[in-house]
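**Student:** My questions all concern the structure below.
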Amino acid sequence: MKAAVLKACPRAQLIDIDHSVPAFDVSLASFLLWAGTRDFAPGTVHLAVVDPRVGGERRPIAVEAGGCFYVGPDNGLLTTVVGHRRDLAAVSLARPKAASPTFEGRDVFAPAAGALAAGALLADLGKPVTDLVVLPDLGPSVVWVDGFGNLVTNLEPPIARIRVNGVEVRLGVRTFAEASAGKPFWYVGSLGLVEIGVREDRADRVLGAKRGMPVSAR
Amino acid sequence: MKAAVLKACPRAQLIDIDHSVPAFDVSLASFLLWAGTRDFAPGTVHLAVVDPRVGGERRPIAVEAGGCFYVGPDNGLLTTVVGHRRDLAAVSLARPKAASPTFEGRDVFAPAAGALAAGALLADLGKPVTDLVVLPDLGPSVVWVDGFGNLVTNLEPPIARIRVNGVEVRLGVRTFAEASAGKPFWYVGSLGLVEIGVREDRADRVLGAKRGMPVSAR
Amino acid sequence: MKAAVLKACPRAQLIDIDHSVPAFDVSLASFLLWAGTRDFAPGTVHLAVVDPRVGGERRPIAVEAGGCFYVGPDNGLLTTVVGHRRDLAAVSLARPKAASPTFEGRDVFAPAAGALAAGALLADLGKPVTDLVVLPDLGPSVVWVDGFGNLVTNLEPPIARIRVNGVEVRLGVRTFAEASAGKPFWYVGSLGLVEIGVREDRADRVLGAKRGMPVSAR
């Protein structure tokens with residue numbers, strides 16, 4: 001895929017963001033795609049692929065949102081990005097005749113991403129579409145357990161307290177240093193979302209919590 | 001190694017391809033080196049190192065093939081690249097006096113790769129050689145189990161059916177969507193080679209198959 | 001963090017060195033930061049973050065040493081770099097008002113690294129400091145077990161023999177090829193430090209040795 005991007009845009013600067021999303025986890029990929037790309041400058045092209053497990057052809061798409069481009073399968077991967085942005089345009093990518101039927105990353109997505117990086121207009125790449133696939137909204141929940149075991153929710157502050165897996169977390173702090181070891185607390189993380197942590201321990205383990213679990217806050 | 005490449009060619013664009021090959025697995029590395037570099041533009045320099053486990057000094061080499069360059073140890077790592085290309089030139093790299101005797105990656109391979117990226121001619125880097133080490137040809141076999149458990153073979157189409165680990169796979173499909181869940185099938189993968197997959201499952205698990213297993217096809 | 005670096009220096013060339021240091025292991029990170037950055041050209045900016053587990057605010061710092069820059073938390077992460085270099089200047093980084101209190105990597109370190117890459121002077125980034133946090137010197141010990149199980153010590157040659165975990169290693173070799181399989185030996189590794197290896201096996205397993213174990217040499 002990197003070779004195919006460079007073929008279309010030899011001066012492209014390739015930046016690896018994340019290769020750790022488990023296969024088939026479109027929901028997590030959607031969140032991390034938003035989280036990992038939100039700070040890049042206008043004009044940046046984001047290329048993401050995650051297999052939705054069940055075969056079936058997914059429409060390849062390119063989206064322009066907030067001045068940046070996203071290229072990938074129309075399988076819900078762009079749900080979080082689309083949900084956070086209003087100024088949206090999307091096209092269905094033309095599939096080259098010689099494209100591999102089993103791996104569109106190299107033959108469809110990467111050439112499109114390269115073309116956009118080289119200055120192509122979104123409209124040059126395919127026909128406009130508006131009916132993007134969007135994952136079902138699961139409501140307030142744990143959307144990511146980060147590498148330290150912190151529970152990242154999709155709730156924005158202000159809140160007073162938050163409940164997860166039957167435990168009510170009342171203590172809210174600004175930094176981990178304000179908490180005492182072993183006691184769960186909530187805080188506003190670097191994404192601007194409410195997170196739950198435990199100092200010197202993993203919140204997921206302490207609270208028996210997993211990604212996808214509902215949360216409720218007041 | 002990256003620092004050493006940049007020392008020789010400050011404007012080099014460094015691209016990570018793969019850091020997942022298990023130590024000592026020269027055979028797998030040889031296949032993935034071919035698979036991961038075949039789409040890069042002429043002039044690209046590919047730097048690869050894999051330790052062959054058994055000590056012993058390996059001749060450091062640089063090869064020009066198909067307009068691209070390959071730099072690494074002459075331990076069979078270039079077998080698949082060499083086997084797929086005819087227009088080949090190779091040199092034995094001079095070993096700088098101060099080079100570390102235990103890690104040639106930094107002191108021999110990376111400077112040579114950087115020099116080539118900066119425009120040096122292959123002939124500038126050492127004496128021509130023709131007797132490259134080539135791994136034994138194991139015949140038709142599973143050469144890679146990809147991250148999804150698909151069995152990638154070294155067979156090219158057309159075939160009618162393929163047998164692996166005592167199971168004959170008769171169903172051939174164009175895309176995973178054409179198959180029904182749980183039933184093995186063969187298809188032509190993105191490398192142009194015959195692969196065996198199982199929809200919504202791992203073919204390696206379903207078929208009890210591993211890399212290196214022989215296959216036979218009709 | 002990569003986005004924040006590019007925001008401050010759009011032409012920066014981003015190079016990933018290592019994402020494998022376990023969370024909280026400042027001591028290992030300090031060694032690998034030195035080992036992984038020592039060969040880069042003057043002017044290179046090195047950005048490193050590792051969480052020291054215990055909360056508490058760490059002073060964000062930038063250091064100029066040997067013509068290169070290091071940006072990160074003042075939690076001991078720079079111990080090995082500082083210990084190997086004399087020509088040192090350091091500043092305490094100003095913390096932007098809008099910075100996330102829980103993740104300084106994106107809002108403090110990365111912008112500072114980008115600014116330095118774009119040509120800012122160290123003195124532009126904050127007030128000079130001289131009392132950098134330094135990890136306690138553990139004396140001669142195993143400072144890293146590399147991916148092959150070799151024991152990298154902080155001892156420089158010459159030595160005649162070395163003892164670790166109750167075993168005296170007398171055999172010294174120049175390359176692995178000189179040793180016989182299964183028998184521990186010492187050698188001078190690519191970092192210029194004494195290492196202990198076992199041909200065709202892992203020295204850590206053969207010797208029951210771990211990182212942090214003391215060694216003694218004669």
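Letters for chains follow the order of the structure tokens (A, B, ...), residue numbers begin at 1 for each chain, and ligand numbers begin at 1 in the order shown.
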With a distance cut-off of 9 Å and only C-alpha atoms, select the neighbouring residues of A:Ile15, excluding the residue or stretch itself and same-chain residues fewer than 2 positions from it, and output the selection as an NGL selection string.

**Tutor:** (:A and (13 or 17)) or (:B and (15)) or (:C and (2 or 14-15))

**Student:** List as a PDB file with N, CA, C and O atoms, in the first residue's frame the protein and nucleic acid residues near C:Val82, meaning an atom at most 10 Å away when only C-alpha atoms are counted, but skip any in the same chain fewer than 6 places from it.

**Tutor:**
```pdb
ATOM      1  N   SER C  30      15.572   4.901  29.297  1.00  0.00           N
ATOM      2  CA  SER C  30      16.745   5.773  29.326  1.00  0.00           C
ATOM      3  C   SER C  30      17.901   5.149  28.553  1.00  0.00           C
ATOM      4  O   SER C  30      18.580   5.823  27.767  1.00  0.00           O
ATOM      5  N   TRP C  34      19.385   6.400  24.658  1.00  0.00           N
ATOM      6  CA  TRP C  34      20.784   6.655  24.338  1.00  0.00           C
ATOM      7  C   TRP C  34      21.216   5.775  23.164  1.00  0.00           C
ATOM      8  O   TRP C  34      21.764   6.249  22.171  1.00  0.00           O
ATOM      9  N   VAL C  63      16.559  19.417  26.101  1.00  0.00           N
ATOM     10  CA  VAL C  63      17.988  19.396  26.368  1.00  0.00           C
ATOM     11  C   VAL C  63      18.744  19.435  25.050  1.00  0.00           C
ATOM     12  O   VAL C  63      18.321  18.799  24.078  1.00  0.00           O
ATOM     13  N   GLU C  64      19.825  20.178  25.020  1.00  0.00           N
ATOM     14  CA  GLU C  64      20.715  20.149  23.860  1.00  0.00           C
ATOM     15  C   GLU C  64      22.006  19.490  24.308  1.00  0.00           C
ATOM     16  O   GLU C  64      22.608  19.900  25.302  1.00  0.00           O
ATOM     17  N   ALA C  65      22.391  18.466  23.592  1.00  0.00           N
ATOM     18  CA  ALA C  65      23.573  17.699  23.993  1.00  0.00           C
ATOM     19  C   ALA C  65      24.237  17.139  22.753  1.00  0.00           C
ATOM     20  O   ALA C  65      23.581  16.472  21.951  1.00  0.00           O
ATOM     21  N   GLY C  66      25.502  17.424  22.604  1.00  0.00           N
ATOM     22  CA  GLY C  66      26.236  16.891  21.463  1.00  0.00           C
ATOM     23  C   GLY C  66      25.657  17.356  20.133  1.00  0.00           C
ATOM     24  O   GLY C  66      25.735  16.646  19.135  1.00  0.00           O
ATOM     25  N   GLY C  76      14.025  11.216  34.672  1.00  0.00           N
ATOM     26  CA  GLY C  76      15.143  10.283  34.632  1.00  0.00           C
ATOM     27  C   GLY C  76      15.351   9.672  33.268  1.00  0.00           C
ATOM     28  O   GLY C  76      16.354   9.001  33.011  1.00  0.00           O
ATOM     29  N   LEU C  88      26.170  20.237  27.660  1.00  0.00           N
ATOM     30  CA  LEU C  88      24.760  20.090  27.940  1.00  0.00           C
ATOM     31  C   LEU C  88      24.124  21.431  28.263  1.00  0.00           C
ATOM     32  O   LEU C  88      24.666  22.225  29.016  1.00  0.00           O
ATOM     33  N   ALA C  89      22.933  21.661  27.678  1.00  0.00           N
ATOM     34  CA  ALA C  89      22.123  22.803  28.104  1.00  0.00           C
ATOM     35  C   ALA C  89      20.698  22.299  28.227  1.00  0.00           C
ATOM     36  O   ALA C  89      20.269  21.437  27.463  1.00  0.00           O
ATOM     37  N   LEU C 132      18.708  18.405  36.517  1.00  0.00           N
ATOM     38  CA  LEU C 132      17.924  17.342  35.878  1.00  0.00           C
ATOM     39  C   LEU C 132      17.811  16.110  36.781  1.00  0.00           C
ATOM     40  O   LEU C 132      18.753  15.761  37.499  1.00  0.00           O
ATOM     41  N   VAL C 134      18.068  12.444  37.661  1.00  0.00           N
ATOM     42  CA  VAL C 134      18.942  11.370  37.177  1.00  0.00           C
ATOM     43  C   VAL C 134      18.627  10.104  37.978  1.00  0.00           C
ATOM     44  O   VAL C 134      18.499  10.153  39.198  1.00  0.00           O
TER      45      VAL C 134
END
```

**Student:** To one decimal in Å, tell me the separation between atom CA of B:Val71 and atom CA of B:Val45.

**Tutor:**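 Between atom CA of B:Val71 and atom CA of B:Val45 the gap works out to 7.6 Å.
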
**Student:** Figure out the distance between atom CA of C:Leu193 and atom CA of C:Phe176, please, to one decimal in Å.

**Tutor:**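 Atom-to-atom, atom CA of C:Phe176 to atom CA of C:Leu193, that is 15.4 Å.
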
**Student:** Please report, as an mmCIF file with C-alpha atoms, in the first residue's frame, each residue of stretch 68-128 of chain B to which DSSP assigns helix (DSSP H, G or I) when run on this structure's backbone.

**Tutor:**
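Saved to out_12.cif:
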```
data_model
loop_
_atom_site.group_PDB
_atom_site.id
_atom_site.type_symbol
_atom_site.label_atom_id
_atom_site.label_comp_id
_atom_site.auth_asym_id
_atom_site.auth_seq_id
_atom_site.Cartn_x
_atom_site.Cartn_y
_atom_site.Cartn_z
ATOM 1 C CA THR B 79 16.239 -15.942 -2.846
ATOM 2 C CA THR B 80 12.694 -14.979 -3.820
ATOM 3 C CA VAL B 81 13.701 -11.579 -5.194
ATOM 4 C CA VAL B 82 16.465 -13.146 -7.265
ATOM 5 C CA GLY B 83 14.205 -15.948 -8.438
ATOM 6 C CA HIS B 84 11.646 -13.537 -9.793
ATOM 7 C CA GLU B 104 26.611 -5.406 10.226
ATOM 8 C CA GLY B 105 23.221 -3.755 9.851
ATOM 9 C CA ARG B 106 24.436 -0.443 11.147
ATOM 10 C CA ASP B 107 28.019 -0.444 9.909
ATOM 11 C CA VAL B 108 27.879 -2.208 6.548
ATOM 12 C CA PHE B 109 24.337 -2.527 5.167
ATOM 13 C CA ALA B 110 22.874 0.846 6.186
ATOM 14 C CA PRO B 111 25.790 2.946 4.873
ATOM 15 C CA ALA B 112 25.657 1.039 1.579
ATOM 16 C CA ALA B 113 21.890 1.538 1.317
ATOM 17 C CA GLY B 114 22.311 5.235 2.041
ATOM 18 C CA ALA B 115 25.062 5.543 -0.563
ATOM 19 C CA LEU B 116 22.824 3.936 -3.208
ATOM 20 C CA ALA B 117 19.939 6.227 -2.227
ATOM 21 C CA LEU B 122 26.409 -0.458 -7.484
ATOM 22 C CA ALA B 123 29.883 -0.928 -8.894
ATOM 23 C CA ASP B 124 31.194 1.721 -6.491
#
```

**Student:** May I have the residues of chain C within 10 Å of chain A, counting only C-alpha atoms, written as a PyMOL selection string?

**Tutor:** chain C and resi 1-7+10-16+23-24+51-57+99-107

**Student:** I'd like the contact shell of A:Ile159 - 9 Å cut-off, only C-alpha atoms, skipping same-chain residues fewer than 2 positions apart - returned as JSON, numbers by chain.

**Tutor:** {"A": [155, 156, 157, 161, 162, 172, 194, 217, 218]}

**Student:** Any chance you can output those residues with C-alpha atoms as a PDB file, in the first residue's frame?

**Tutor:**
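Wrote part.pdb, looks like this:
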```
ATOM      1  CA  LEU A 155     -19.097  11.380  27.119  1.00  0.00           C
ATOM      2  CA  GLU A 156     -18.061  14.994  27.175  1.00  0.00           C
ATOM      3  CA  PRO A 157     -17.809  17.030  30.365  1.00  0.00           C
ATOM      4  CA  ARG A 161     -20.253  11.256  38.597  1.00  0.00           C
ATOM      5  CA  ILE A 162     -20.188   8.235  36.302  1.00  0.00           C
ATOM      6  CA  GLY A 172     -13.269  13.573  39.665  1.00  0.00           C
ATOM      7  CA  VAL A 194     -14.494  11.633  30.155  1.00  0.00           C
ATOM      8  CA  ALA A 217     -23.322   9.847  34.129  1.00  0.00           C
ATOM      9  CA  ARG A 218     -24.943  12.668  35.980  1.00  0.00           C
TER      10      ARG A 218
END
```
